$ cat input.csv   # CSV, C-alpha atoms
chain,number,residue,atom,x,y,z
A,1,MET,CA,61.2,232.3,175.4
A,2,ILE,CA,63.5,235.0,176.7
A,3,ALA,CA,61.0,236.0,179.4
A,4,ARG,CA,60.8,232.4,180.6
A,5,LEU,CA,64.6,232.2,180.7
A,6,PHE,CA,64.8,235.3,182.9
A,7,LEU,CA,62.2,233.9,185.2
A,8,ALA,CA,64.1,230.6,185.5
A,9,ILE,CA,67.3,232.4,186.3
A,10,ALA,CA,65.5,234.6,188.8
A,11,ALA,CA,64.0,231.5,190.5
A,12,LEU,CA,67.5,229.9,190.7
A,13,ILE,CA,68.9,233.1,192.3
A,14,CYS,CA,66.1,233.3,194.8
A,15,ALA,CA,66.5,229.6,195.7
A,16,ALA,CA,70.3,230.1,196.2
A,17,GLN,CA,69.7,233.1,198.4
A,18,ALA,CA,67.1,231.2,200.5
A,19,TYR,CA,69.5,228.2,200.8
A,20,ALA,CA,72.3,230.6,202.0
A,21,GLN,CA,69.9,232.2,204.6
A,22,ASP,CA,68.9,228.7,205.8
A,23,THR,CA,72.4,227.4,206.2
A,24,VAL,CA,73.3,226.7,209.8
A,25,TYR,CA,76.9,226.0,210.8
A,26,ARG,CA,77.5,223.9,213.9
A,27,PHE,CA,79.9,225.4,216.5
A,28,SER,CA,81.6,222.9,218.9
A,29,PRO,CA,83.6,224.3,221.8
A,30,VAL,CA,85.6,221.9,224.0
A,31,ASN,CA,83.8,221.1,227.2
A,32,GLN,CA,85.8,223.0,229.7
A,33,TRP,CA,82.9,222.9,232.2
A,34,ASP,CA,79.9,220.7,232.6
A,35,ILE,CA,77.2,220.8,229.8
A,36,ASN,CA,75.0,223.3,231.6
A,37,LYS,CA,77.8,225.8,232.3
A,38,THR,CA,79.3,225.3,228.8
A,39,ALA,CA,75.9,226.1,227.3
A,40,ALA,CA,75.3,229.0,229.7
A,41,TYR,CA,78.7,230.5,228.5
A,42,TRP,CA,78.4,229.9,224.8
A,43,ASN,CA,74.7,230.2,223.8
A,44,PRO,CA,74.5,234.0,224.4
A,45,ILE,CA,77.8,234.5,222.6
A,46,ILE,CA,76.9,232.5,219.5
A,47,GLN,CA,73.5,234.1,219.4
A,48,TYR,CA,75.1,237.5,219.3
A,49,VAL,CA,77.7,236.4,216.7
A,50,SER,CA,74.9,235.0,214.5
A,51,GLU,CA,73.0,238.2,214.7
A,52,LYS,CA,76.0,240.4,214.0
A,53,SER,CA,77.5,238.3,211.3
A,54,GLY,CA,74.3,237.2,209.5
A,55,VAL,CA,75.8,233.7,209.6
A,56,ARG,CA,73.7,231.3,211.7
A,57,LEU,CA,75.6,229.3,214.3
A,58,GLN,CA,74.2,226.5,216.4
A,59,LEU,CA,75.9,225.0,219.5
A,60,LYS,CA,76.8,221.3,219.2
A,61,ILE,CA,78.4,219.7,222.2
A,62,GLY,CA,78.7,216.1,223.5
A,63,ARG,CA,78.5,214.7,227.0
A,64,THR,CA,82.3,214.9,227.3
A,65,SER,CA,85.1,216.8,225.6
A,66,ALA,CA,86.1,213.6,223.8
A,67,ASP,CA,82.6,213.3,222.5
A,68,THR,CA,82.6,216.8,221.3
A,69,THR,CA,85.9,216.3,219.5
A,70,SER,CA,84.6,213.2,217.9
A,71,TYR,CA,82.0,215.4,216.1
A,72,VAL,CA,84.8,217.5,214.8
A,73,LEU,CA,86.8,214.6,213.5
A,74,ALA,CA,83.7,213.2,211.9
A,75,GLN,CA,83.3,216.5,210.1
A,76,GLU,CA,79.9,217.1,211.6
A,77,VAL,CA,80.8,220.7,212.6
A,78,GLU,CA,82.1,223.8,210.8
A,79,PHE,CA,83.4,226.0,213.6
A,80,VAL,CA,85.2,225.0,216.8
A,81,PHE,CA,86.9,226.5,219.9
A,82,SER,CA,89.5,223.9,220.6
A,83,ASN,CA,93.2,223.0,221.0
A,84,HIS,CA,92.7,219.4,220.0
A,85,LEU,CA,93.6,219.8,216.3
A,86,PHE,CA,97.4,220.5,216.3
A,87,SER,CA,98.8,217.0,216.2
A,88,PRO,CA,100.4,216.3,212.8
A,89,GLU,CA,97.6,214.0,211.7
A,90,ARG,CA,94.8,216.5,212.6
A,91,ASP,CA,96.8,219.5,211.4
A,92,ALA,CA,96.4,218.0,207.9
A,93,LEU,CA,92.6,218.3,208.2
A,94,GLY,CA,92.9,222.0,207.2
A,95,TRP,CA,91.2,223.8,210.1
A,96,LYS,CA,92.1,227.5,210.1
A,97,VAL,CA,92.8,229.5,213.2
A,98,PHE,CA,91.1,233.0,213.2
A,99,GLY,CA,90.9,234.0,216.9
A,100,ARG,CA,91.4,233.1,220.5
A,101,ARG,CA,90.4,234.5,223.9
A,102,ASN,CA,92.6,237.3,225.3
A,103,ALA,CA,93.4,235.2,228.4
A,104,PRO,CA,96.9,235.0,229.7
A,105,GLU,CA,98.8,231.9,228.6
A,106,LEU,CA,97.5,228.7,230.1
A,107,ARG,CA,99.7,226.4,231.9
A,108,GLY,CA,99.2,222.7,232.6
A,109,GLN,CA,99.2,222.0,236.3
A,110,ILE,CA,99.1,219.1,238.7
A,111,ALA,CA,97.3,220.0,241.9
A,112,VAL,CA,96.1,218.6,245.2
A,113,PRO,CA,93.8,220.1,247.9
A,114,ALA,CA,95.6,222.6,250.0
A,115,ASP,CA,95.4,220.4,253.1
A,116,SER,CA,96.6,217.2,251.3
A,117,PRO,CA,99.6,215.4,252.8
A,118,ILE,CA,101.0,215.1,249.3
A,119,THR,CA,103.7,217.7,248.7
A,120,ARG,CA,105.7,216.2,245.8
A,121,LEU,CA,105.0,214.7,242.5
A,122,GLU,CA,106.8,211.5,243.6
A,123,ASP,CA,104.1,211.0,246.3
A,124,LEU,CA,101.6,210.4,243.5
A,125,LYS,CA,103.2,207.2,242.3
A,126,GLY,CA,100.5,204.5,242.1
A,127,GLN,CA,97.8,207.0,243.1
A,128,GLU,CA,94.6,208.0,241.3
A,129,VAL,CA,95.0,211.3,239.4
A,130,ALA,CA,91.9,212.8,237.7
A,131,PHE,CA,91.9,214.5,234.3
A,132,ALA,CA,89.1,215.8,232.1
A,133,GLY,CA,89.6,213.3,229.3
A,134,PRO,CA,92.0,211.8,226.8
A,135,GLU,CA,91.6,214.8,224.4
A,136,ALA,CA,92.4,217.5,226.9
A,137,PHE,CA,95.7,219.0,225.7
A,138,ILE,CA,96.8,221.3,228.5
A,139,GLY,CA,94.8,219.5,231.2
A,140,TYR,CA,95.8,215.9,230.4
A,141,LYS,CA,98.4,215.5,227.7
A,142,VAL,CA,100.9,218.1,229.0
A,143,PRO,CA,100.8,217.1,232.7
A,144,TYR,CA,100.6,213.3,232.0
A,145,ALA,CA,103.6,213.5,229.6
A,146,HIS,CA,105.5,215.2,232.4
A,147,LEU,CA,104.6,212.4,234.9
A,148,LEU,CA,105.7,209.8,232.3
A,149,SER,CA,109.0,211.7,231.8
A,150,ARG,CA,109.7,211.5,235.5
A,151,GLY,CA,108.8,207.8,235.7
A,152,ILE,CA,105.9,208.5,238.0
A,153,ASP,CA,103.3,205.9,237.1
A,154,VAL,CA,99.8,207.0,238.2
A,155,LYS,CA,96.3,205.6,237.9
A,156,VAL,CA,94.5,207.8,235.4
A,157,VAL,CA,90.8,208.7,236.1
A,158,PHE,CA,88.8,210.6,233.5
A,159,GLY,CA,86.0,212.9,234.7
A,160,GLY,CA,84.6,213.9,231.3
A,161,ASN,CA,85.3,217.6,231.8
A,162,GLN,CA,87.7,219.7,234.0
A,163,ASN,CA,85.0,220.7,236.5
A,164,ALA,CA,84.1,217.0,237.1
A,165,ALA,CA,87.8,216.0,237.4
A,166,ILE,CA,88.4,218.6,240.1
A,167,ALA,CA,85.2,217.7,241.9
A,168,GLN,CA,86.3,214.0,241.9
A,169,MET,CA,89.5,215.0,243.6
A,170,PHE,CA,87.8,217.0,246.3
A,171,ALA,CA,85.3,214.1,246.8
A,172,GLY,CA,88.2,211.8,247.6
A,173,LYS,CA,88.0,209.7,244.4
A,174,ALA,CA,91.4,210.9,243.3
A,175,ARG,CA,94.4,212.2,245.1
A,176,ALA,CA,95.4,214.8,242.6
A,177,VAL,CA,94.1,216.5,239.4
A,178,GLY,CA,95.7,217.5,236.2
A,179,SER,CA,94.1,220.7,234.8
A,180,ASN,CA,95.0,224.1,233.4
A,181,SER,CA,95.8,227.2,235.4
A,182,MET,CA,92.7,229.2,234.2
A,183,LEU,CA,90.3,226.5,235.2
A,184,ILE,CA,91.9,225.8,238.5
A,185,ASP,CA,91.8,229.5,239.4
A,186,GLY,CA,88.2,229.8,238.2
A,187,TYR,CA,87.2,226.7,240.3
A,188,ALA,CA,88.9,228.1,243.4
A,189,ASN,CA,87.1,231.5,243.0
A,190,ARG,CA,83.7,230.0,242.1
A,191,GLU,CA,83.7,227.1,244.7
A,192,ASN,CA,85.8,228.7,247.4
A,193,LYS,CA,88.3,225.8,247.3
A,194,GLN,CA,92.1,226.0,247.9
A,195,PHE,CA,94.7,224.1,245.9
A,196,ARG,CA,98.4,223.2,246.4
A,197,ILE,CA,100.1,223.3,243.0
A,198,LEU,CA,102.7,220.6,242.7
A,199,TRP,CA,103.9,221.4,239.1
A,200,THR,CA,103.3,224.0,236.4
A,201,SER,CA,104.2,223.7,232.7
A,202,GLU,CA,105.3,226.3,230.2
A,203,GLY,CA,102.7,228.6,228.8
A,204,TYR,CA,100.3,227.9,225.9
A,205,HIS,CA,97.8,230.2,224.3
A,206,ASP,CA,94.1,229.6,225.2
A,207,LEU,CA,91.9,227.5,222.9
A,208,ALA,CA,91.6,228.6,219.3
A,209,LEU,CA,88.6,229.7,217.3
A,210,MET,CA,88.9,227.7,214.1
A,211,ALA,CA,86.9,227.2,210.9
A,212,SER,CA,86.6,224.2,208.7
A,213,SER,CA,88.1,224.5,205.2
A,214,LYS,CA,84.7,223.9,203.7
A,215,VAL,CA,83.2,227.1,205.1
A,216,PRO,CA,83.2,229.9,202.5
A,217,GLU,CA,85.8,232.6,203.2
A,218,LYS,CA,83.2,235.4,203.4
A,219,ASP,CA,81.3,233.5,206.1
A,220,VAL,CA,84.5,233.0,208.1
A,221,ARG,CA,85.4,236.7,207.8
A,222,ALA,CA,81.9,237.7,209.0
A,223,VAL,CA,82.0,235.3,212.0
A,224,ALA,CA,85.5,236.4,212.9
A,225,ALA,CA,84.5,240.1,212.7
A,226,ALA,CA,81.6,239.5,215.0
A,227,PHE,CA,83.7,237.6,217.6
A,228,MET,CA,86.4,240.3,217.6
A,229,GLY,CA,83.9,243.2,217.7
A,230,MET,CA,82.1,242.0,220.8
A,231,SER,CA,84.3,243.8,223.3
A,232,LYS,CA,83.9,247.0,221.4
A,233,ASP,CA,80.1,246.9,221.4
A,234,PRO,CA,78.4,247.8,224.7
A,235,ARG,CA,75.8,245.0,224.2
A,236,GLY,CA,78.5,242.5,223.2
A,237,ARG,CA,80.7,243.5,226.1
A,238,ASP,CA,77.8,243.0,228.5
A,239,ILE,CA,77.1,239.5,227.1
A,240,LEU,CA,80.8,238.6,227.5
A,241,HIS,CA,80.8,239.9,231.1
A,242,ARG,CA,77.7,237.9,232.1
A,243,ALA,CA,78.9,234.8,230.4
A,244,SER,CA,82.3,235.0,232.0
A,245,ARG,CA,80.7,235.4,235.5
A,246,GLU,CA,78.7,232.2,234.9
A,247,VAL,CA,81.9,230.1,234.7
A,248,GLY,CA,84.4,232.1,236.8
A,249,LEU,CA,86.4,233.7,234.0
A,250,ASP,CA,87.9,237.2,234.3
A,251,ALA,CA,85.0,239.6,233.5
A,252,ASP,CA,87.1,241.2,230.7
A,253,ALA,CA,87.8,238.0,228.8
A,254,HIS,CA,87.0,238.6,225.1
A,255,PHE,CA,88.1,237.4,221.7
A,256,VAL,CA,91.1,238.7,219.7
A,257,PRO,CA,92.6,237.8,216.3
A,258,ALA,CA,95.0,234.9,216.1
A,259,SER,CA,96.7,232.7,213.5
A,260,GLY,CA,98.2,229.2,213.3
A,261,ALA,CA,101.6,230.7,214.2
A,262,ASP,CA,100.3,231.4,217.7
A,263,TYR,CA,100.0,227.7,218.3
A,264,ALA,CA,103.5,226.6,217.4
A,265,PRO,CA,104.2,225.4,221.1
A,266,TYR,CA,101.4,222.9,220.6
A,267,ARG,CA,103.0,221.5,217.5
A,268,ARG,CA,106.4,221.4,219.3
A,269,PHE,CA,104.9,219.3,222.1
A,270,TYR,CA,103.9,216.6,219.6
A,271,GLN,CA,107.4,216.4,218.3
A,272,THR,CA,108.6,214.8,221.5
A,273,ALA,CA,105.4,213.6,223.2
A,274,PRO,CA,105.1,209.9,224.1
A,275,ALA,CA,103.5,207.9,221.3
A,276,ALA,CA,100.4,207.2,223.3
A,277,LEU,CA,99.7,211.0,223.6
A,278,ARG,CA,100.1,211.9,219.9
$ encode --input "input.csv" --output "structure tokens"
Amino acid sequence: MIARLFLAIAALICAAQAYAQDTVYRFSPVNQWDINKTAAYWNPIIQYVSEKSGVRLQLKIGRTSADTTSYVLAQEVEFVFSNHLFSPERDALGWKVFGRRNAPELRGQIAVPADSPITRLEDLKGQEVAFAGPEAFIGYKVPYAHLLSRGIDVKVVFGGNQNAAIAQMFAGKARAVGSNSMLIDGYANRENKQFRILWTSEGYHDLALMASSKVPEKDVRAVAAAFMGMSKDPRGRDILHRASREVGLDADAHFVPASGADYAPYRRFYQTAPAALR
């Protein structure tokens, strides 16, 4: 009887261990680039993090940044790289910040091609302005809120991601683009294009690495340690350098620890933002 009991307990322990090893967490980064570039950047990084942490991550992205965020809000993912979760309503969902990229603060910008006849924000009244999508915080909500505060009514065009929005502008489908400083600089370097910046916002930290409250703390700690350790490991550093070159980021871009306090400017934005942008 006792032997059978021990065998039953051992079987339960083995089953639990097998389940833990088979657990796969979905990781959803905001679509800052098109799907191919987003995958080219993130797949090698999450493969490395999975190997180092012993916690299996799988990339889950939608066609647009709004699609990807819809997965997050539907609780279909467990880890994110996002700045779409700091409104009061979404703050209550319990996502925990554990890291960010070491990039300089990002700034919302409104830009036109360098040779555009448009030289002032007021010239955009009634004109098409391209943005990534309605979820883009720095690339849409921040610049559009500024236009609204100035009484400059524009025709909003959504491209689905920042690259597509910028490409629409250069293709003549919009007169200007709302984006963030890092992505505009990266596009200029990668595509050899020149911009005229009409307006720049205050600074905000880059997107946050965040974990769902349903992920066990030990798994969050393991994943966080793997992300933060990449730049200290020669193999991890090489993966970061190659991934960054794919999308036009600074070659030394890597991940550093962060907390919710680093994202206070986002929360302050929502205190005064137009109701349509909250």
$ atom_distance --input "input.csv" --atom1 "CA of Ala114 (chain A)" --atom2 "CA of Pro143 (chain A)"
18.9 Å
$ residues_around --input "input.csv" --residues "Asp123 (chain A)" --least-positions-apart "2" --cutoff "12 Å" --atoms "only C-alpha atoms" --output "short mmCIF file (atom, residue, chain, number, x, y, z; two decimals) with C-alpha atoms, in the coordinates of the input"
data_model
loop_
_atom_site.label_atom_id
_atom_site.label_comp_id
_atom_site.auth_asym_id
_atom_site.auth_seq_id
_atom_site.Cartn_x
_atom_site.Cartn_y
_atom_site.Cartn_z
CA VAL A 112 96.10 218.60 245.20
CA SER A 116 96.60 217.20 251.30
CA PRO A 117 99.60 215.40 252.80
CA ILE A 118 101.00 215.10 249.30
CA THR A 119 103.70 217.70 248.70
CA ARG A 120 105.70 216.20 245.80
CA LEU A 121 105.00 214.70 242.50
CA LYS A 125 103.20 207.20 242.30
CA GLY A 126 100.50 204.50 242.10
CA GLN A 127 97.80 207.00 243.10
CA GLU A 128 94.60 208.00 241.30
CA VAL A 129 95.00 211.30 239.40
CA LEU A 147 104.60 212.40 234.90
CA ILE A 152 105.90 208.50 238.00
CA ASP A 153 103.30 205.90 237.10
CA VAL A 154 99.80 207.00 238.20
CA ARG A 175 94.40 212.20 245.10
CA ALA A 176 95.40 214.80 242.60
CA LEU A 198 102.70 220.60 242.70
#
$ closest_residue --input "input.csv" --among "A:Arg56, A:Leu85, A:Asn192, A:Phe131" --to "Lys173 (chain A)" --atoms "only C-alpha atoms"
A:Phe131
$ closest_atom_pairs --input "input.csv" --of "region 138-247 of chain A" --to "region 37-42 of chain A" --cutoff "12 Å" --atoms "only C-alpha atoms" --output "CSV"
residue,atom,partner,partner_atom,distance
A:Asn161,CA,A:Thr38,CA,10.2
A:Gln162,CA,A:Thr38,CA,11.4
A:Asn163,CA,A:Lys37,CA,9.8
A:Ala164,CA,A:Lys37,CA,11.8
A:Phe227,CA,A:Trp42,CA,11.8
A:Ile239,CA,A:Tyr41,CA,9.2
A:Leu240,CA,A:Tyr41,CA,8.4
A:His241,CA,A:Tyr41,CA,10.0
A:Arg242,CA,A:Tyr41,CA,8.3
A:Ala243,CA,A:Tyr41,CA,4.7
A:Ser244,CA,A:Tyr41,CA,6.7
A:Arg245,CA,A:Tyr41,CA,8.8
A:Glu246,CA,A:Tyr41,CA,6.6
A:Val247,CA,A:Lys37,CA,6.4
$ residues_around --input "input.csv" --residues "region 248-259 of chain A" --least-positions-apart "3" --cutoff "9 Å" --atoms "only C-alpha atoms" --output "PyMOL selection string"
chain A and resi 96-103+182-183+185-190+208-209+224+227-231+237+240-245+262-263
$ write_last_selection --input "input.csv" --atoms "C-alpha atoms" --output "tab-separated table (two decimals), in the frame of the given file"
chain	number	residue	atom	x	y	z
A	96	LYS	CA	92.10	227.50	210.10
A	97	VAL	CA	92.80	229.50	213.20
A	98	PHE	CA	91.10	233.00	213.20
A	99	GLY	CA	90.90	234.00	216.90
A	100	ARG	CA	91.40	233.10	220.50
A	101	ARG	CA	90.40	234.50	223.90
A	102	ASN	CA	92.60	237.30	225.30
A	103	ALA	CA	93.40	235.20	228.40
A	182	MET	CA	92.70	229.20	234.20
A	183	LEU	CA	90.30	226.50	235.20
A	185	ASP	CA	91.80	229.50	239.40
A	186	GLY	CA	88.20	229.80	238.20
A	187	TYR	CA	87.20	226.70	240.30
A	188	ALA	CA	88.90	228.10	243.40
A	189	ASN	CA	87.10	231.50	243.00
A	190	ARG	CA	83.70	230.00	242.10
A	208	ALA	CA	91.60	228.60	219.30
A	209	LEU	CA	88.60	229.70	217.30
A	224	ALA	CA	85.50	236.40	212.90
A	227	PHE	CA	83.70	237.60	217.60
A	228	MET	CA	86.40	240.30	217.60
A	229	GLY	CA	83.90	243.20	217.70
A	230	MET	CA	82.10	242.00	220.80
A	231	SER	CA	84.30	243.80	223.30
A	237	ARG	CA	80.70	243.50	226.10
A	240	LEU	CA	80.80	238.60	227.50
A	241	HIS	CA	80.80	239.90	231.10
A	242	ARG	CA	77.70	237.90	232.10
A	243	ALA	CA	78.90	234.80	230.40
A	244	SER	CA	82.30	235.00	232.00
A	245	ARG	CA	80.70	235.40	235.50
A	262	ASP	CA	100.30	231.40	217.70
A	263	TYR	CA	100.00	227.70	218.30
$ residues_near_point --input "input.csv" --point "(84.9, 214.9, 228.9)" --cutoff "8 Å" --atoms "only C-alpha atoms" --output "list in words"
Asn31, Arg63, Thr64, Ser65, Ala66, Asp67, Ala132, Gly133, Phe158, Gly159, Gly160, Asn161 and Gln162 of chain A
$ atom_distance --input "input.csv" --atom1 "CA of Ser70 (chain A)" --atom2 "CA of Asp34 (chain A)"
17.2 Å
$ closest_residue --input "input.csv" --among "A:Met210, A:Ala145, A:Val72, A:Ile61" --to "Trp33 (chain A)" --atoms "all atoms listed in the file"
A:Ile61
$ closest_residue --input "input.csv" --among "A:Lys232, A:Glu191, A:His146, A:Thr200" --to "Ala273 (chain A)" --atoms "only C-alpha atoms"
A:His146
$ residues_around --input "input.csv" --residues "Ile46 (chain A)" --least-positions-apart "4" --cutoff "8 Å" --atoms "all atoms listed in the file" --output "ChimeraX atom specification"
/A:42,50,57-59
$ closest_residue --input "input.csv" --among "A:Ala130, A:Pro88, A:Arg196, A:Pro216" --to "Ala264 (chain A)" --atoms "all atoms listed in the file"
A:Pro88
$ closest_residue --input "input.csv" --among "A:Gln271, A:Thr69, A:Ser149, A:Asn180" --to "Ser87 (chain A)" --atoms "all atoms listed in the file"
A:Gln271
$ atom_distance --input "input.csv" --atom1 "CA of Tyr71 (chain A)" --atom2 "CA of Ala136 (chain A)"
15.1 Å
$ residues_around --input "input.csv" --residues "Phe269 (chain A)" --least-positions-apart "6" --cutoff "10 Å" --atoms "all atoms listed in the file" --output "PyMOL selection string"
chain A and resi 86-87+137+141-142+145+277-278
$ residues_near_point --input "input.csv" --point "(94.0, 220.2, 231.6)" --cutoff "6 Å" --atoms "all atoms listed in the file" --output "list in words"
Gly108, Ala136, Ile138, Gly139, Tyr140, Gly178, Ser179 and Asn180 of chain A
$ write_last_selection --input "input.csv" --atoms "C-alpha atoms" --output "CSV table (one decimal), in the coordinates of the input"
chain,number,residue,atom,x,y,z
A,108,GLY,CA,99.2,222.7,232.6
A,136,ALA,CA,92.4,217.5,226.9
A,138,ILE,CA,96.8,221.3,228.5
A,139,GLY,CA,94.8,219.5,231.2
A,140,TYR,CA,95.8,215.9,230.4
A,178,GLY,CA,95.7,217.5,236.2
A,179,SER,CA,94.1,220.7,234.8
A,180,ASN,CA,95.0,224.1,233.4
$ closest_residue --input "input.csv" --among "A:Val223, A:Val80, A:Leu148, A:Leu106" --to "Ala275 (chain A)" --atoms "all atoms listed in the file"
A:Leu148
$ residues_around --input "input.csv" --residues "Arg107 (chain A)" --least-positions-apart "4" --cutoff "6 Å" --atoms "only C-alpha atoms" --output "list of chain:residue names"
A:Asn180, A:Ser181, A:Ser201, A:Glu202, A:Gly203
$ decode --input "input.csv" --residues "region 188-209 of chain A" --atoms "N, CA and C atoms" --output "PDB file, in the first residue's frame"
ATOM      1  N   ALA A 188      15.521  56.847 -41.630  1.00  0.00           N
ATOM      2  CA  ALA A 188      16.407  57.723 -42.416  1.00  0.00           C
ATOM      3  C   ALA A 188      17.730  57.029 -42.717  1.00  0.00           C
ATOM      4  N   ASN A 189      18.299  56.353 -41.711  1.00  0.00           N
ATOM      5  CA  ASN A 189      19.582  55.666 -41.899  1.00  0.00           C
ATOM      6  C   ASN A 189      19.448  54.459 -42.813  1.00  0.00           C
ATOM      7  N   ARG A 190      18.360  53.718 -42.628  1.00  0.00           N
ATOM      8  CA  ARG A 190      18.194  52.467 -43.372  1.00  0.00           C
ATOM      9  C   ARG A 190      17.786  52.704 -44.829  1.00  0.00           C
ATOM     10  N   GLU A 191      16.920  53.686 -45.051  1.00  0.00           N
ATOM     11  CA  GLU A 191      16.353  53.921 -46.386  1.00  0.00           C
ATOM     12  C   GLU A 191      16.958  55.130 -47.095  1.00  0.00           C
ATOM     13  N   ASN A 192      17.907  55.801 -46.436  1.00  0.00           N
ATOM     14  CA  ASN A 192      18.561  56.977 -47.015  1.00  0.00           C
ATOM     15  C   ASN A 192      17.546  58.057 -47.384  1.00  0.00           C
ATOM     16  N   LYS A 193      16.634  58.339 -46.467  1.00  0.00           N
ATOM     17  CA  LYS A 193      15.618  59.369 -46.647  1.00  0.00           C
ATOM     18  C   LYS A 193      15.883  60.515 -45.666  1.00  0.00           C
ATOM     19  N   GLN A 194      15.436  61.717 -46.049  1.00  0.00           N
ATOM     20  CA  GLN A 194      15.634  62.884 -45.198  1.00  0.00           C
ATOM     21  C   GLN A 194      14.290  63.468 -44.801  1.00  0.00           C
ATOM     22  N   PHE A 195      14.215  63.895 -43.539  1.00  0.00           N
ATOM     23  CA  PHE A 195      12.990  64.436 -42.968  1.00  0.00           C
ATOM     24  C   PHE A 195      13.190  65.886 -42.540  1.00  0.00           C
ATOM     25  N   ARG A 196      12.086  66.618 -42.494  1.00  0.00           N
ATOM     26  CA  ARG A 196      12.032  67.898 -41.794  1.00  0.00           C
ATOM     27  C   ARG A 196      11.110  67.691 -40.593  1.00  0.00           C
ATOM     28  N   ILE A 197      11.640  67.915 -39.407  1.00  0.00           N
ATOM     29  CA  ILE A 197      10.865  67.707 -38.178  1.00  0.00           C
ATOM     30  C   ILE A 197      10.119  69.002 -37.842  1.00  0.00           C
ATOM     31  N   LEU A 198       8.794  68.927 -37.788  1.00  0.00           N
ATOM     32  CA  LEU A 198       7.981  70.110 -37.491  1.00  0.00           C
ATOM     33  C   LEU A 198       7.721  70.288 -35.999  1.00  0.00           C
ATOM     34  N   TRP A 199       7.741  69.177 -35.261  1.00  0.00           N
ATOM     35  CA  TRP A 199       7.422  69.263 -33.818  1.00  0.00           C
ATOM     36  C   TRP A 199       7.994  68.038 -33.111  1.00  0.00           C
ATOM     37  N   THR A 200       8.456  68.260 -31.894  1.00  0.00           N
ATOM     38  CA  THR A 200       9.012  67.184 -31.072  1.00  0.00           C
ATOM     39  C   THR A 200       8.455  67.297 -29.654  1.00  0.00           C
ATOM     40  N   SER A 201       8.066  66.180 -29.074  1.00  0.00           N
ATOM     41  CA  SER A 201       7.463  66.161 -27.734  1.00  0.00           C
ATOM     42  C   SER A 201       8.516  66.050 -26.644  1.00  0.00           C
ATOM     43  N   GLU A 202       8.064  66.015 -25.406  1.00  0.00           N
ATOM     44  CA  GLU A 202       8.945  65.680 -24.292  1.00  0.00           C
ATOM     45  C   GLU A 202       9.369  64.221 -24.429  1.00  0.00           C
ATOM     46  N   GLY A 203      10.333  63.804 -23.599  1.00  0.00           N
ATOM     47  CA  GLY A 203      10.863  62.455 -23.702  1.00  0.00           C
ATOM     48  C   GLY A 203      10.071  61.419 -22.924  1.00  0.00           C
ATOM     49  N   TYR A 204      10.059  60.212 -23.463  1.00  0.00           N
ATOM     50  CA  TYR A 204       9.452  59.052 -22.809  1.00  0.00           C
ATOM     51  C   TYR A 204      10.413  57.878 -22.934  1.00  0.00           C
ATOM     52  N   HIS A 205      10.447  57.044 -21.903  1.00  0.00           N
ATOM     53  CA  HIS A 205      11.273  55.842 -22.007  1.00  0.00           C
ATOM     54  C   HIS A 205      10.766  54.939 -23.124  1.00  0.00           C
ATOM     55  N   ASP A 206      11.707  54.163 -23.678  1.00  0.00           N
ATOM     56  CA  ASP A 206      11.367  53.175 -24.696  1.00  0.00           C
ATOM     57  C   ASP A 206      10.341  52.174 -24.139  1.00  0.00           C
ATOM     58  N   LEU A 207       9.798  51.341 -25.022  1.00  0.00           N
ATOM     59  CA  LEU A 207       8.781  50.383 -24.627  1.00  0.00           C
ATOM     60  C   LEU A 207       9.256  49.505 -23.459  1.00  0.00           C
ATOM     61  N   ALA A 208       8.304  48.990 -22.711  1.00  0.00           N
ATOM     62  CA  ALA A 208       8.614  48.226 -21.508  1.00  0.00           C
ATOM     63  C   ALA A 208       8.483  46.733 -21.741  1.00  0.00           C
ATOM     64  N   LEU A 209       9.436  45.971 -21.203  1.00  0.00           N
ATOM     65  CA  LEU A 209       9.270  44.533 -21.067  1.00  0.00           C
ATOM     66  C   LEU A 209       8.369  44.307 -19.863  1.00  0.00           C
TER      67      LEU A 209
END
